[in-house]
>>> print(open('work_16.txt').read())   # compact mmCIF, C-alpha atoms
# COMPACT_ATOMS: atom_id res chain seq x y z
CA MET A 199 0.00 0.00 0.00
CA THR A 200 1.36 3.40 -0.87
CA THR A 201 1.55 6.21 1.64
CA ASN A 202 -1.43 8.42 2.33
CA ALA A 203 -2.29 10.50 -0.68
CA HIS A 204 -2.78 13.31 1.74
CA SER A 205 0.78 13.31 2.82
CA SER A 206 0.36 16.31 0.55
CA ARG A 207 -2.04 17.26 3.31
CA SER A 208 0.53 16.26 5.90
CA PHE A 209 0.33 19.79 7.26
CA ARG A 210 -3.43 19.23 7.40
CA SER A 211 -4.06 22.00 4.90
CA HIS A 212 -7.72 21.14 4.63
CA PRO A 213 -10.06 22.00 1.81
CA GLY A 214 -10.83 25.61 2.33
CA ALA A 215 -7.97 25.71 4.80
CA ALA A 216 -7.56 29.45 4.55
CA ALA A 217 -11.24 29.98 5.33
CA VAL A 218 -11.15 27.47 8.16
CA ALA A 219 -8.01 28.99 9.62
CA LEU A 220 -9.57 32.44 9.36
CA ALA A 221 -12.74 31.18 11.02
CA ALA A 222 -10.68 29.56 13.75
CA ALA A 223 -8.70 32.72 14.27
CA THR A 224 -11.93 34.70 14.43
CA VAL A 225 -13.29 32.36 17.08
CA LEU A 226 -10.10 32.70 19.05
CA LEU A 227 -10.06 36.48 18.79
CA ALA A 228 -13.72 36.55 19.78
CA GLY A 229 -12.79 34.96 23.08
CA CYS A 230 -12.49 31.22 22.63
CA SER A 231 -11.66 30.20 26.17
CA SER A 232 -8.73 28.04 25.16
CA SER A 233 -6.94 31.14 23.92
CA ASP A 234 -6.90 32.85 27.29
CA ASP A 235 -3.16 32.19 27.26
CA THR A 236 -2.12 35.35 25.42
CA SER A 237 1.53 34.41 25.09
CA ASP A 238 3.11 34.11 21.68
CA PRO A 239 2.29 30.57 20.46
CA LEU A 240 5.63 30.45 18.65
CA ALA A 241 7.64 31.34 21.72
CA GLY A 242 10.16 28.64 22.50
CA ASP A 243 9.87 28.78 26.28
CA LYS A 244 9.33 25.46 27.98
CA ALA A 245 6.29 24.95 30.18
CA ALA A 246 6.74 26.14 33.73
CA GLY A 247 6.86 23.45 36.38
CA ASP A 248 4.02 20.98 36.14
CA THR A 249 2.01 22.82 33.48
CA VAL A 250 1.07 20.77 30.42
CA VAL A 251 1.05 22.89 27.27
CA VAL A 252 -1.51 21.75 24.70
CA GLY A 253 -0.86 23.07 21.20
CA SER A 254 -2.82 22.95 17.95
CA ASN A 255 -2.22 23.50 14.28
CA ASN A 256 -3.90 26.31 12.36
CA PHE A 257 -7.27 24.82 11.46
CA ALA A 258 -10.53 24.46 13.32
CA GLU A 259 -10.51 20.70 13.91
CA SER A 260 -7.04 20.76 15.49
CA ILE A 261 -8.08 23.55 17.85
CA LEU A 262 -11.21 21.59 18.83
CA ILE A 263 -9.29 18.38 19.54
CA ALA A 264 -6.69 20.31 21.51
CA ASP A 265 -9.51 21.68 23.66
CA ILE A 266 -10.76 18.13 24.20
CA TYR A 267 -7.29 16.99 25.25
CA GLY A 268 -6.72 19.97 27.52
CA GLU A 269 -10.08 19.74 29.28
CA ALA A 270 -9.68 15.97 29.74
CA LEU A 271 -6.37 16.65 31.48
CA LYS A 272 -7.90 19.42 33.61
CA ALA A 273 -10.62 16.99 34.71
CA LYS A 274 -7.83 14.93 36.29
CA GLY A 275 -6.50 17.96 38.15
CA ILE A 276 -3.61 18.56 35.76
CA LYS A 277 -2.59 22.17 35.18
CA VAL A 278 -2.98 23.08 31.50
CA SER A 279 -2.19 26.04 29.27
CA TYR A 280 -2.95 26.36 25.55
CA LYS A 281 -0.95 27.45 22.51
CA PRO A 282 -3.66 27.34 19.83
CA ASN A 283 -3.64 27.93 16.09
CA ILE A 284 0.16 27.80 15.78
CA GLY A 285 0.76 26.76 12.18
CA SER A 286 1.89 23.76 10.19
CA ARG A 287 3.57 20.54 11.29
CA GLU A 288 6.96 21.99 10.36
CA THR A 289 6.52 24.49 13.18
CA THR A 290 4.67 22.42 15.77
CA TYR A 291 7.00 19.40 15.49
CA GLY A 292 9.97 21.59 16.35
CA LEU A 293 8.14 23.10 19.33
CA LEU A 294 7.35 19.60 20.59
CA LYS A 295 10.97 18.52 20.26
CA ASN A 296 12.21 21.40 22.41
CA GLY A 297 9.46 20.96 25.00
CA SER A 298 7.60 24.20 24.27
CA ILE A 299 4.51 22.07 23.61
CA THR A 300 3.67 18.99 25.65
CA VAL A 301 0.70 17.61 23.70
CA LEU A 302 -0.51 18.07 20.13
CA PRO A 303 -3.36 16.41 18.21
CA GLU A 304 -1.85 14.49 15.31
CA TYR A 305 -2.97 12.22 12.45
CA ASN A 306 -0.88 9.07 12.47
CA GLY A 307 -0.57 8.34 8.74
CA SER A 308 0.02 11.97 7.86
CA LEU A 309 2.67 12.24 10.57
CA LEU A 310 4.38 9.11 9.26
CA ALA A 311 4.35 10.51 5.74
CA TYR A 312 6.01 13.65 7.10
CA LEU A 313 8.68 11.62 8.91
CA ASP A 314 9.19 9.08 6.11
CA ALA A 315 7.55 9.76 2.77
CA LYS A 316 8.36 6.23 1.54
CA ALA A 317 6.88 4.33 4.48
CA GLU A 318 4.14 1.87 3.61
CA GLN A 319 0.86 2.07 5.51
CA THR A 320 -0.59 -1.40 5.71
CA SER A 321 -2.29 -1.41 9.13
CA LEU A 322 -2.97 0.84 12.08
CA ALA A 323 -0.39 -1.02 14.16
CA THR A 324 2.35 -0.84 11.53
CA VAL A 325 1.70 2.85 10.89
CA ASN A 326 2.00 3.69 14.57
CA ALA A 327 5.05 1.49 15.05
CA ALA A 328 6.79 3.05 12.05
CA ALA A 329 5.91 6.58 13.19
CA LYS A 330 7.20 5.92 16.72
CA ALA A 331 10.45 4.55 15.28
CA LYS A 332 10.96 7.73 13.25
CA LEU A 333 10.01 10.20 16.01
CA ASP A 334 12.56 12.24 17.89
CA SER A 335 13.58 10.25 20.99
CA LYS A 336 11.96 12.84 23.27
CA LEU A 337 8.54 12.26 21.69
CA THR A 338 6.01 9.48 21.57
CA LEU A 339 2.56 8.73 20.18
CA LEU A 340 -0.16 7.63 22.55
CA GLU A 341 -3.07 5.39 21.55
CA SER A 342 -4.85 6.23 18.31
CA SER A 343 -8.56 6.92 18.25
CA PRO A 344 -10.90 5.29 15.73
CA ALA A 345 -11.63 8.84 14.51
CA GLU A 346 -10.10 9.59 11.13
CA ASP A 347 -10.06 12.61 8.85
CA LYS A 348 -9.09 11.25 5.45
CA ASP A 349 -9.99 11.11 1.77
CA SER A 350 -13.16 9.33 0.78
CA VAL A 351 -15.38 8.73 -2.20
CA THR A 352 -18.65 10.33 -1.17
CA VAL A 353 -21.94 10.44 -3.06
CA ASN A 354 -24.68 13.04 -2.86
CA ALA A 355 -28.11 12.35 -1.38
CA GLU A 356 -29.75 12.01 -4.80
CA THR A 357 -27.27 9.37 -5.93
CA ALA A 358 -27.46 7.52 -2.62
CA LYS A 359 -31.24 7.33 -2.86
CA LYS A 360 -31.21 6.27 -6.52
CA TYR A 361 -28.79 3.38 -5.92
CA ASN A 362 -29.74 2.49 -2.33
CA LEU A 363 -26.35 3.47 -0.93
CA THR A 364 -26.06 3.92 2.84
CA ALA A 365 -23.36 4.65 5.41
CA THR A 366 -22.56 0.91 5.45
CA SER A 367 -22.08 0.70 1.68
CA THR A 368 -18.54 0.22 0.41
CA LEU A 369 -16.56 1.29 -2.62
CA ALA A 370 -17.02 -2.24 -3.95
CA ASP A 371 -20.76 -1.50 -4.17
CA LEU A 372 -19.99 1.04 -6.89
CA LYS A 373 -18.57 -1.47 -9.35
CA ASP A 374 -21.75 -1.76 -11.43
CA ILE A 375 -22.80 1.84 -10.78
CA ALA A 376 -19.57 3.73 -11.51
CA PRO A 377 -20.04 3.81 -15.32
CA ASP A 378 -23.12 6.00 -14.72
CA LEU A 379 -21.35 8.43 -12.39
CA VAL A 380 -19.16 11.50 -12.85
CA LEU A 381 -16.43 11.64 -10.23
CA GLY A 382 -15.03 14.94 -8.95
CA GLY A 383 -11.81 15.80 -7.17
CA SER A 384 -8.49 17.59 -7.42
CA PRO A 385 -6.58 17.34 -10.73
CA GLU A 386 -3.99 15.19 -8.91
CA PHE A 387 -6.68 12.67 -7.94
CA GLN A 388 -6.65 11.47 -11.56
CA THR A 389 -3.05 10.26 -11.39
CA ARG A 390 -2.69 9.01 -7.83
CA GLN A 391 -2.82 5.43 -6.64
CA GLN A 392 -4.92 6.79 -3.79
CA GLY A 393 -7.22 8.21 -6.42
CA ILE A 394 -8.56 7.00 -9.76
CA LEU A 395 -5.69 4.56 -10.32
CA GLY A 396 -6.32 2.76 -7.04
CA LEU A 397 -10.09 2.89 -7.37
CA GLU A 398 -9.68 0.94 -10.60
CA SER A 399 -6.90 -1.45 -9.54
CA VAL A 400 -8.22 -2.18 -6.03
CA TYR A 401 -12.00 -1.94 -6.51
CA GLY A 402 -12.42 -2.30 -10.28
CA LEU A 403 -14.19 1.06 -10.59
CA LYS A 404 -14.41 2.80 -13.96
CA PHE A 405 -16.34 6.04 -13.79
CA LYS A 406 -18.22 7.68 -16.63
CA SER A 407 -15.84 10.66 -16.48
CA PHE A 408 -13.76 12.76 -14.12
CA LYS A 409 -14.26 16.45 -13.40
CA ALA A 410 -11.18 18.31 -12.08
CA LEU A 411 -12.20 20.61 -9.21
CA ASP A 412 -10.30 21.22 -5.97
CA ALA A 413 -9.00 19.10 -3.08
CA GLY A 414 -12.29 18.47 -1.31
CA GLY A 415 -12.95 22.20 -1.09
CA PRO A 416 -15.85 24.48 -2.01
CA LEU A 417 -15.74 23.68 -5.74
CA THR A 418 -16.02 19.96 -5.08
CA GLN A 419 -18.67 20.42 -2.41
CA ALA A 420 -20.77 22.66 -4.69
CA ALA A 421 -20.48 20.31 -7.67
CA LEU A 422 -21.59 17.37 -5.54
CA LYS A 423 -24.48 19.36 -4.07
CA LYS A 424 -25.65 20.49 -7.54
CA ASN A 425 -25.24 16.95 -8.94
CA THR A 426 -22.70 18.18 -11.50
CA VAL A 427 -20.74 15.25 -10.13
CA GLN A 428 -22.43 12.35 -8.41
CA ALA A 429 -19.39 11.19 -6.43
CA ALA A 430 -16.37 13.11 -5.16
CA ASP A 431 -13.24 13.05 -3.03
CA ILE A 432 -14.45 14.59 0.25
CA PHE A 433 -12.62 14.50 3.58
CA THR A 434 -14.40 12.35 6.11
CA THR A 435 -14.97 14.97 8.82
CA ASP A 436 -16.10 17.72 6.44
CA PRO A 437 -19.28 19.23 8.00
CA THR A 438 -20.77 19.50 4.50
CA ILE A 439 -21.39 15.74 4.73
CA THR A 440 -23.88 16.31 7.54
CA LYS A 441 -25.35 19.51 6.15
CA GLU A 442 -26.06 18.11 2.67
CA LYS A 443 -26.76 14.50 3.72
CA PHE A 444 -23.89 13.16 1.62
CA VAL A 445 -23.02 9.47 2.05
CA VAL A 446 -19.41 8.44 2.64
CA LEU A 447 -18.61 5.03 1.17
CA GLN A 448 -16.57 2.66 3.32
CA ASP A 449 -13.05 1.71 2.20
CA PRO A 450 -12.50 -1.86 3.47
CA GLU A 451 -9.28 -2.29 1.46
CA ASN A 452 -7.92 0.90 3.05
CA LEU A 453 -6.96 2.46 -0.26
CA PHE A 454 -6.85 5.89 1.35
CA GLY A 455 -4.42 4.96 4.11
CA PHE A 456 -4.64 6.00 7.74
CA ALA A 457 -5.36 9.34 9.40
CA ASN A 458 -6.34 8.39 12.95
CA VAL A 459 -6.44 11.21 15.49
CA THR A 460 -3.57 10.48 17.88
CA PRO A 461 -1.95 12.47 20.71
CA LEU A 462 1.70 13.33 20.05
CA VAL A 463 3.48 13.92 23.36
CA TYR A 464 6.72 15.33 24.76
CA LYS A 465 7.43 12.34 27.00
CA SER A 466 8.99 13.99 30.04
CA GLY A 467 6.23 16.60 30.23
CA LEU A 468 3.26 14.29 30.83
CA SER A 469 2.52 12.08 33.83
CA GLN A 470 1.08 8.59 33.62
CA GLU A 471 -2.22 10.05 34.82
CA GLY A 472 -2.13 12.44 31.87
CA ILE A 473 -1.30 9.62 29.47
CA ASP A 474 -4.21 7.59 30.79
CA ALA A 475 -6.57 10.58 30.41
CA LEU A 476 -5.63 11.11 26.76
CA ASN A 477 -5.81 7.41 25.98
CA ALA A 478 -9.32 7.41 27.45
CA VAL A 479 -10.24 10.20 25.02
CA SER A 480 -8.88 8.17 22.11
CA ALA A 481 -10.92 5.17 23.16
CA LYS A 482 -14.15 7.20 22.95
CA LEU A 483 -13.56 9.45 19.92
CA ASP A 484 -14.74 8.00 16.62
CA THR A 485 -15.21 9.56 13.18
CA LYS A 486 -18.98 9.98 13.61
CA ALA A 487 -18.47 11.88 16.86
CA LEU A 488 -15.71 14.03 15.37
CA LEU A 489 -17.86 14.91 12.37
CA ASP A 490 -20.65 15.97 14.72
CA LEU A 491 -18.29 18.07 16.82
CA ASP A 492 -16.75 19.72 13.74
CA SER A 493 -20.25 20.51 12.50
CA GLN A 494 -21.15 22.21 15.76
CA VAL A 495 -18.07 24.42 15.54
CA GLN A 496 -17.94 25.12 11.81
CA LEU A 497 -21.63 25.15 10.87
CA GLU A 498 -23.29 26.27 14.10
CA SER A 499 -20.47 28.65 15.18
CA LYS A 500 -20.30 27.18 18.68
CA ASP A 501 -17.27 27.88 20.87
CA PRO A 502 -14.93 24.87 20.43
CA LEU A 503 -14.15 24.86 24.14
CA ASP A 504 -17.85 24.57 24.99
CA VAL A 505 -18.23 21.79 22.42
CA ALA A 506 -15.21 19.99 23.86
CA LYS A 507 -16.50 20.19 27.42
CA ALA A 508 -19.97 18.98 26.45
CA TRP A 509 -18.57 15.99 24.57
CA LEU A 510 -16.24 15.03 27.41
CA LYS A 511 -19.16 15.13 29.81
CA SER A 512 -21.29 12.98 27.50
CA ALA A 513 -18.42 10.50 27.19
CA GLY A 514 -17.97 10.31 30.96
CA LEU A 515 -14.58 11.99 30.80
CA GLY A 516 -15.40 15.53 31.92
>>> encode(input="work_16.txt", output="C-alpha cells")
Amino acid sequence: MTTNAHSSRSFRSHPGAAAVALAAATVLLAGCSSSDDTSDPLAGDKAAGDTVVVGSNNFAESILIADIYGEALKAKGIKVSYKPNIGSRETTYGLLKNGSITVLPEYNGSLLAYLDAKAEQTSLATVNAAAKAKLDSKLTLLESSPAEDKDSVTVNAETAKKYNLTATSTLADLKDIAPDLVLGGSPEFQTRQQGILGLESVYGLKFKSFKALDAGGPLTQAALKKNTVQAADIFTTDPTITKEKFVVLQDPENLFGFANVTPLVYKSGLSQEGIDALNAVSAKLDTKALLDLDSQVQLESKDPLDVAKAWLKSAGLG
C-alpha cells in the first residue's frame, strides 16, 4: 500500500484551509476560552513546572481536539495552558521537540508521511510502530482513536437514494454503478494510486468521467451538491457531509491509508495520569463523533471549548 495521498495534506491543509483557519482565528479572537493564554504561540519557552502545554495546528478541527485533550487533562486535576492555532507541522513538530509544547493532536498516517515519505501504511499497528520509530527520541505517540479525517469517495443524497447506498455501503458496491457516475476531485486525484488509479486497480471502478475541481474544497462540495458530479473526493470529517446529507462510502481495502487522530506527546512533560486521560479520550472518539463536533463548531459557530466540554461530559470523561 502506498503512503497516504494526503501526505500532501501532511500539514493538514484542509479543503478551504484558509477559510477554516480564518474562522478559527476569528473564534479565538472573539474569546475562545482556550486562547486565554495570550503568550506568543511560537515562543520557544518550555512549560513552567508541572504545566502541560496543549498546542494545535492552524485549522478548526485541530483547535477543537486540543480543547478536548486539555479539558480531559484538567478533569484529572492537571494544570494546562494552551498554545492554539500555531501553524503547520513543520513548526509544531519543532516546538514539541524542544518541549515548548507537551501535547498536540496528530494524524498518524500523515505524521508518518512527514517523517518518512516512503513508508508503507498497511495497518494501524504498523503505521504507529513506524511513526514511533521515526520520532525524535523525546517524543512518543499515545493510543490512536478510531476517529479519522481522510480522503473518501462520497456520493450526494440524490445518488445515494437512486442506488440504495447507505453509510454501510462500500466502494465495492460502486462497481456496477460507476459507469453511470461523474467523479469529482483535485486534478492530482486522476493520477494518484490513492485516487482514480487505485479505485480501478483495487476496486475495479471505472467512472463515466472525471471532473477536475479542488482538493475536497468548495468547488467539489458545490459540484456534488448540484449533482454536477455524483461522487467526489471529500474529507471524512467535512461538516458538508452532515449539512447536505452526503453518504461516505466505506473503504474496506484501506486504499486511502490512515489518518487516525492520535496524541503526540513530549514524553517527560506528561505524567502517567495524563497519558491515561488522553488514551481514554482516544478510546471514545470515533469519526462519527468528530464529524458531529466539527459541524457544531464550523456550521453552528459554537465555541470549540464549549463543544469539547460537552462531549467530554457525555463521554464520561469531563
>>> atom_distance(input="work_16.txt", atom1="CA of Ser286 (chain A)", atom2="CA of Asn256 (chain A)")
6.7 Å
>>> closest_residue(input="work_16.txt", among="A:Thr485, A:Ala370, A:Asp412, A:Ala258", to="Ser399 (chain A)", atoms="only C-alpha atoms")
A:Ala370
>>> atom_distance(input="work_16.txt", atom1="CA of Glu288 (chain A)", atom2="CA of Ser254 (chain A)")
12.4 Å
>>> closest_residue(input="work_16.txt", among="A:Val427, A:Asp347, A:Ser260, A:Tyr267", to="Ser308 (chain A)", atoms="only C-alpha atoms")
A:Asp347
>>> closest_residue(input="work_16.txt", among="A:Ala487, A:Ala270, A:Leu363, A:Ala264", to="Glu471 (chain A)", atoms="only C-alpha atoms")
A:Ala270
>>> atom_distance(input="work_16.txt", atom1="CA of Gly253 (chain A)", atom2="CA of Tyr280 (chain A)")
5.8 Å
>>> residues_around(input="work_16.txt", residues="Trp509 (chain A)", least_positions_apart="5", cutoff="10 Å", atoms="all atoms listed in the file", output="VMD selection string")
chain A and resid 266 482 to 483 487 to 488 491 503 to 504 514 to 516
>>> write_last_selection(input="work_16.txt", atoms="C-alpha atoms", output="mmCIF file, keeping the file's coordinate frame")
data_model
loop_
_atom_site.group_PDB
_atom_site.id
_atom_site.type_symbol
_atom_site.label_atom_id
_atom_site.label_comp_id
_atom_site.auth_asym_id
_atom_site.auth_seq_id
_atom_site.Cartn_x
_atom_site.Cartn_y
_atom_site.Cartn_z
ATOM 1 C CA ILE A 266 -10.760 18.130 24.200
ATOM 2 C CA LYS A 482 -14.150 7.200 22.950
ATOM 3 C CA LEU A 483 -13.560 9.450 19.920
ATOM 4 C CA ALA A 487 -18.470 11.880 16.860
ATOM 5 C CA LEU A 488 -15.710 14.030 15.370
ATOM 6 C CA LEU A 491 -18.290 18.070 16.820
ATOM 7 C CA LEU A 503 -14.150 24.860 24.140
ATOM 8 C CA ASP A 504 -17.850 24.570 24.990
ATOM 9 C CA GLY A 514 -17.970 10.310 30.960
ATOM 10 C CA LEU A 515 -14.580 11.990 30.800
ATOM 11 C CA GLY A 516 -15.400 15.530 31.920
#
>>> closest_residue(input="work_16.txt", among="A:Lys360, A:Gly268, A:Ile263, A:Leu395", to="Gly472 (chain A)", atoms="only C-alpha atoms")
A:Gly268
>>> closest_residue(input="work_16.txt", among="A:Gln419, A:Asp431, A:Leu447, A:Thr426", to="Thr366 (chain A)", atoms="all atoms listed in the file")
A:Leu447
>>> residues_around(input="work_16.txt", residues="Lys486 (chain A)", least_positions_apart="6", cutoff="12 Å", atoms="only C-alpha atoms", output="list in words")
Ser343, Pro344, Ala345, Glu346, Asp347, Ala365, Thr434, Thr435, Asp436, Pro437, Ile439, Thr440, Val446, Asp492 and Ser493 of chain A
